[in-house]
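So the structure is just underneath, and the comments pick up after that.
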Amino acid sequence: MNISIIGTGLIGGSMALKLKQKGMAATIIGIDKNEEHLKEAKALGIIDDYQPFEEGVKSADLIIVAIPVDAARKILPGILDLMNDQQTVMDVGSTKNGIITAIKEHKNRSRYVATHPMWGTENSGPKAAQADAFTGRAAVICNQQESAVDAVALIQKVYDALEMNLLYMNAEDHDIHTAYISHISHITSYALANTVLEKEKEEDTIFQLASSGFSSTVRLAKSHPEMWVPIFRQNKENVLDVLNEHISQLRKFKSALEKENYEFLEELILNANKIRGILK
């Protein structure tokens with residue numbers, strides 16, 4: 001099978017490495033506006049070669065779109081225009097409803113499978129790619145019934161090769177759940193980093209005193225805006241909903257401290273401890 005990957009960074013590169021390792025790809029072609037990424041990905045053995053957009057799409061049995069969600073939403077109609085009924089295209093974006101809506105009426109809609117592998121780091125670029133990054137993690141296929149049976153079967157094989165656990169849901173539910181478990185985590189991390197940078201002006205002090213807890217909490221704040229601004233834009237309503245609840249929870253902690261109500265503070269912490277039963 002010939003695979004073209006649009007976006008040769010963290011996610012696309014990691015998928016390429018694993019699919020090559022598992023023997024699923026005869027050839028992996030890179031497509032990327034960043035020529036340095038293409039050269040780097042080829043030098044690292046992530047891709048076999050790179051091609052211009054139209055050539056790369058037409059020559060592939062499977063096209064994997066691994067670019068920011070706004071860009072994926074814009075580029076997918078053009079990809080489908082170039083495809084025949086033997087080809088399949090998938091995306092790996094963190095939001096799904098906007099992307100699916102953008103190609104809803106396209107004549108080749110059934111050749112597209114909407115997916116989201118639930119993994120990522122704060123790093124980017126081909127050098128950040130990891131062959132075993134996805135092992136044991138969840139991947140979501142959305143609106144399965146709108147895609148051709150053979151196209152879905154192929155993507156199932158891809159995620160089996162990536163050693164991921166598949167879940168199925170509609171796009172609206174997916175975007176709600178990811179707002180709760182992923183998108184709010186990034187906003188919280190960005191906000192905490194900005195808080196510390198505003199209040200603590202001595203960078204050396206931050207470095208010297210930062211505990212593993214602080215470092216892990218603000219790790220997501222290192223994630224790049226070119227990826228996360230589009231995610232927040234496409235999932236704005238769901239993110240605002242969970243953000244309002246988060247602000248409400250912060251106010252409870254603030255009120256407990258202001259009123260020296262330490263019993264209530266303990267209740268809030270004990271309630272939060274229930275997450276242990278879910279995330280073991």
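We label chains A, B, ... in the order they appear in the structure tokens, count residues from 1 in each chain, and number ligands from 1 in the order shown.
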* Asked: Contacts of region 40-42 of chain A at 10 Å or less, counting only C-alpha atoms, minus same-chain residues fewer than 5 places along, as a PyMOL selection string?
  -> chain A and resi 8-9+13+16+28-30+35+47-50+125-127+129
* Contacts of region 259-273 of chain A at 9 Å (only C-alpha atoms; same-chain gap of 6+ positions) as a PyMOL selection string -> chain A and resi 249+252-253
* Asked: Can you list, as a PyMOL selection string, every protein, DNA or RNA residue that comes within 9 Å of Val152 (chain A) when you count only C-alpha atoms, leaving out same-chain residues fewer than 3 positions away?
  -> chain A and resi 88+111-113+141+144+147-149+155-157
* To do: Please give the complete set of residues from region 19-268 of chain A that DSSP, run on the backbone, assigns to helix (DSSP H, G or I), formatted as a VMD selection string.
  => chain A and resid 19 to 21 35 to 43 53 to 58 69 to 82 97 to 102 109 to 111 126 to 128 144 to 146 149 to 161 171 to 199 203 to 209 212 to 222 225 to 234 236 to 258 262 to 268
* **9 Å contact set for Thr188 (chain A), only C-alpha atoms, chain neighbours under 5 positions out, as a list in words** =>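 Using only C-alpha atoms, the neighbours found are His183, Ala193, Thr217, Val218, Leu220, Ala221, Leu243 and His246 of chain A.
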* For CA of Asp173 (chain A) and CA of Ala131 (chain A), quote the distance in Å rounded to one decimal. =>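 Computed distance, CA of Asp173 (chain A) to CA of Ala131 (chain A), equals 29.2 Å.
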* **Interatomic distance (Å, one decimal) between CA of Asp241 (chain A) and CA of Ile11 (chain A)** =>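 Interatomic distance here is 27.8 Å.
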* Nearby residues (only C-alpha atoms) at most 7 Å from region 115-119 of chain A, same-chain spacing under 4 positions excluded, as an MDAnalysis selection string -> chainID A and resid 90:94 134 137:142
The selected residues should be written to file as a PDB file, in the first residue's frame (atoms: N, CA and C atoms).
```
ATOM      1  N   MET A  90      -8.007   9.878   5.602  1.00  0.00           N
ATOM      2  CA  MET A  90      -8.352  10.007   7.022  1.00  0.00           C
ATOM      3  C   MET A  90      -7.672  11.255   7.560  1.00  0.00           C
ATOM      4  N   ASP A  91      -8.253  11.830   8.602  1.00  0.00           N
ATOM      5  CA  ASP A  91      -7.562  12.914   9.303  1.00  0.00           C
ATOM      6  C   ASP A  91      -7.388  12.496  10.756  1.00  0.00           C
ATOM      7  N   VAL A  92      -6.542  13.227  11.477  1.00  0.00           N
ATOM      8  CA  VAL A  92      -6.232  12.855  12.863  1.00  0.00           C
ATOM      9  C   VAL A  92      -6.451  14.037  13.814  1.00  0.00           C
ATOM     10  N   GLY A  93      -7.326  14.955  13.416  1.00  0.00           N
ATOM     11  CA  GLY A  93      -7.525  16.180  14.176  1.00  0.00           C
ATOM     12  C   GLY A  93      -8.242  15.996  15.497  1.00  0.00           C
ATOM     13  N   SER A  94      -8.022  16.940  16.413  1.00  0.00           N
ATOM     14  CA  SER A  94      -8.587  16.891  17.757  1.00  0.00           C
ATOM     15  C   SER A  94     -10.026  17.387  17.820  1.00  0.00           C
ATOM     16  N   PHE A 134       1.698   5.460  20.093  1.00  0.00           N
ATOM     17  CA  PHE A 134       0.251   5.215  20.163  1.00  0.00           C
ATOM     18  C   PHE A 134      -0.120   3.935  20.901  1.00  0.00           C
ATOM     19  N   ARG A 137      -3.116   3.188  23.544  1.00  0.00           N
ATOM     20  CA  ARG A 137      -3.962   4.376  23.723  1.00  0.00           C
ATOM     21  C   ARG A 137      -5.240   4.256  22.904  1.00  0.00           C
ATOM     22  N   ALA A 138      -6.162   5.185  23.125  1.00  0.00           N
ATOM     23  CA  ALA A 138      -7.455   5.149  22.438  1.00  0.00           C
ATOM     24  C   ALA A 138      -7.414   5.941  21.137  1.00  0.00           C
ATOM     25  N   ALA A 139      -8.152   5.460  20.162  1.00  0.00           N
ATOM     26  CA  ALA A 139      -8.381   6.192  18.914  1.00  0.00           C
ATOM     27  C   ALA A 139      -9.878   6.188  18.641  1.00  0.00           C
ATOM     28  N   VAL A 140     -10.382   7.285  18.126  1.00  0.00           N
ATOM     29  CA  VAL A 140     -11.819   7.423  17.880  1.00  0.00           C
ATOM     30  C   VAL A 140     -12.089   7.501  16.383  1.00  0.00           C
ATOM     31  N   ILE A 141     -13.080   6.743  15.924  1.00  0.00           N
ATOM     32  CA  ILE A 141     -13.614   6.899  14.575  1.00  0.00           C
ATOM     33  C   ILE A 141     -14.992   7.524  14.715  1.00  0.00           C
ATOM     34  N   CYS A 142     -15.206   8.637  14.019  1.00  0.00           N
ATOM     35  CA  CYS A 142     -16.474   9.374  14.141  1.00  0.00           C
ATOM     36  C   CYS A 142     -17.343   9.203  12.886  1.00  0.00           C
TER      37      CYS A 142
END
```
* **Residues within 9 Å of His174 (chain A), only C-alpha atoms, excluding chain neighbours under 2 positions, as number ranges by chain** => A: 94-97, 140, 142, 169-172, 176-179
Selected residues written out with all heavy atoms, as a tab-separated table (two decimals), in the first residue's frame:
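Contents of again-v9.tsv, as written:
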```tsv
chain	number	residue	atom	x	y	z
A	94	SER	N	-8.02	16.94	16.41
A	94	SER	CA	-8.59	16.89	17.76
A	94	SER	C	-10.03	17.39	17.82
A	94	SER	O	-10.69	17.24	18.84
A	94	SER	CB	-7.71	17.73	18.70
A	94	SER	OG	-8.16	17.62	20.03
A	95	THR	N	-10.53	17.99	16.74
A	95	THR	CA	-11.95	18.32	16.63
A	95	THR	C	-12.47	17.63	15.37
A	95	THR	O	-11.73	17.43	14.42
A	95	THR	CB	-12.21	19.83	16.52
A	95	THR	OG1	-11.59	20.33	15.33
A	95	THR	CG2	-11.64	20.56	17.72
A	96	LYS	N	-13.75	17.30	15.36
A	96	LYS	CA	-14.27	16.51	14.25
A	96	LYS	C	-15.47	17.13	13.56
A	96	LYS	O	-15.62	17.01	12.36
A	96	LYS	CB	-14.65	15.09	14.74
A	96	LYS	CG	-13.47	14.28	15.24
A	96	LYS	CD	-12.83	13.43	14.13
A	96	LYS	CE	-12.05	14.18	13.12
A	96	LYS	NZ	-10.67	14.45	13.51
A	97	ASN	N	-16.36	17.78	14.30
A	97	ASN	CA	-17.63	18.21	13.72
A	97	ASN	C	-17.45	19.23	12.60
A	97	ASN	O	-18.09	19.13	11.55
A	97	ASN	CB	-18.55	18.77	14.81
A	97	ASN	CG	-20.00	18.81	14.36
A	97	ASN	OD1	-20.48	17.87	13.72
A	97	ASN	ND2	-20.70	19.88	14.69
A	140	VAL	N	-10.38	7.29	18.13
A	140	VAL	CA	-11.82	7.42	17.88
A	140	VAL	C	-12.09	7.50	16.38
A	140	VAL	O	-11.39	8.22	15.66
A	140	VAL	CB	-12.38	8.69	18.56
A	140	VAL	CG1	-13.89	8.78	18.36
A	140	VAL	CG2	-12.03	8.71	20.05
A	142	CYS	N	-15.21	8.64	14.02
A	142	CYS	CA	-16.47	9.37	14.14
A	142	CYS	C	-17.34	9.20	12.89
A	142	CYS	O	-16.83	9.13	11.77
A	142	CYS	CB	-16.20	10.86	14.35
A	142	CYS	SG	-15.55	11.25	15.98
A	169	MET	N	-17.93	6.98	17.94
A	169	MET	CA	-18.94	7.92	18.43
A	169	MET	C	-19.24	8.95	17.35
A	169	MET	O	-18.51	9.04	16.34
A	169	MET	CB	-18.47	8.61	19.72
A	169	MET	CG	-17.20	9.43	19.61
A	169	MET	SD	-16.69	10.14	21.22
A	169	MET	CE	-16.21	8.68	22.14
A	170	ASN	N	-20.31	9.69	17.55
A	170	ASN	CA	-20.60	10.75	16.58
A	170	ASN	C	-19.73	11.98	16.87
A	170	ASN	O	-19.19	12.13	17.97
A	170	ASN	CB	-22.09	11.09	16.54
A	170	ASN	CG	-22.60	11.71	17.83
A	170	ASN	OD1	-22.06	12.70	18.33
A	170	ASN	ND2	-23.66	11.14	18.39
A	171	ALA	N	-19.60	12.82	15.87
A	171	ALA	CA	-18.67	13.94	15.95
A	171	ALA	C	-19.02	14.92	17.06
A	171	ALA	O	-18.13	15.45	17.75
A	171	ALA	CB	-18.62	14.67	14.61
A	172	GLU	N	-20.32	15.16	17.26
A	172	GLU	CA	-20.73	16.11	18.30
A	172	GLU	C	-20.32	15.61	19.68
A	172	GLU	O	-19.77	16.39	20.49
A	172	GLU	CB	-22.25	16.31	18.26
A	172	GLU	CG	-22.75	17.05	17.02
A	172	GLU	CD	-23.03	16.11	15.86
A	172	GLU	OE1	-22.68	14.91	15.95
A	172	GLU	OE2	-23.58	16.59	14.85
A	176	ILE	N	-17.47	17.26	22.43
A	176	ILE	CA	-17.82	17.56	23.82
A	176	ILE	C	-16.83	16.87	24.76
A	176	ILE	O	-16.27	17.49	25.67
A	176	ILE	CB	-19.26	17.10	24.14
A	176	ILE	CG1	-20.28	17.98	23.40
A	176	ILE	CG2	-19.52	17.14	25.65
A	176	ILE	CD1	-21.70	17.46	23.46
A	177	HIS	N	-16.60	15.59	24.54
A	177	HIS	CA	-15.71	14.83	25.44
A	177	HIS	C	-14.27	15.34	25.39
A	177	HIS	O	-13.61	15.41	26.42
A	177	HIS	CB	-15.76	13.33	25.09
A	177	HIS	CG	-17.09	12.69	25.36
A	177	HIS	ND1	-17.78	12.89	26.54
A	177	HIS	CD2	-17.86	11.86	24.61
A	177	HIS	CE1	-18.91	12.21	26.51
A	177	HIS	NE2	-18.99	11.58	25.35
A	178	THR	N	-13.78	15.67	24.20
A	178	THR	CA	-12.40	16.17	24.12
A	178	THR	C	-12.26	17.55	24.75
A	178	THR	O	-11.19	17.89	25.27
A	178	THR	CB	-11.89	16.21	22.66
A	178	THR	OG1	-12.82	16.93	21.84
A	178	THR	CG2	-11.69	14.81	22.12
A	179	ALA	N	-13.34	18.34	24.73
A	179	ALA	CA	-13.30	19.62	25.45
A	179	ALA	C	-13.10	19.38	26.93
A	179	ALA	O	-12.34	20.10	27.60
A	179	ALA	CB	-14.60	20.40	25.22
```
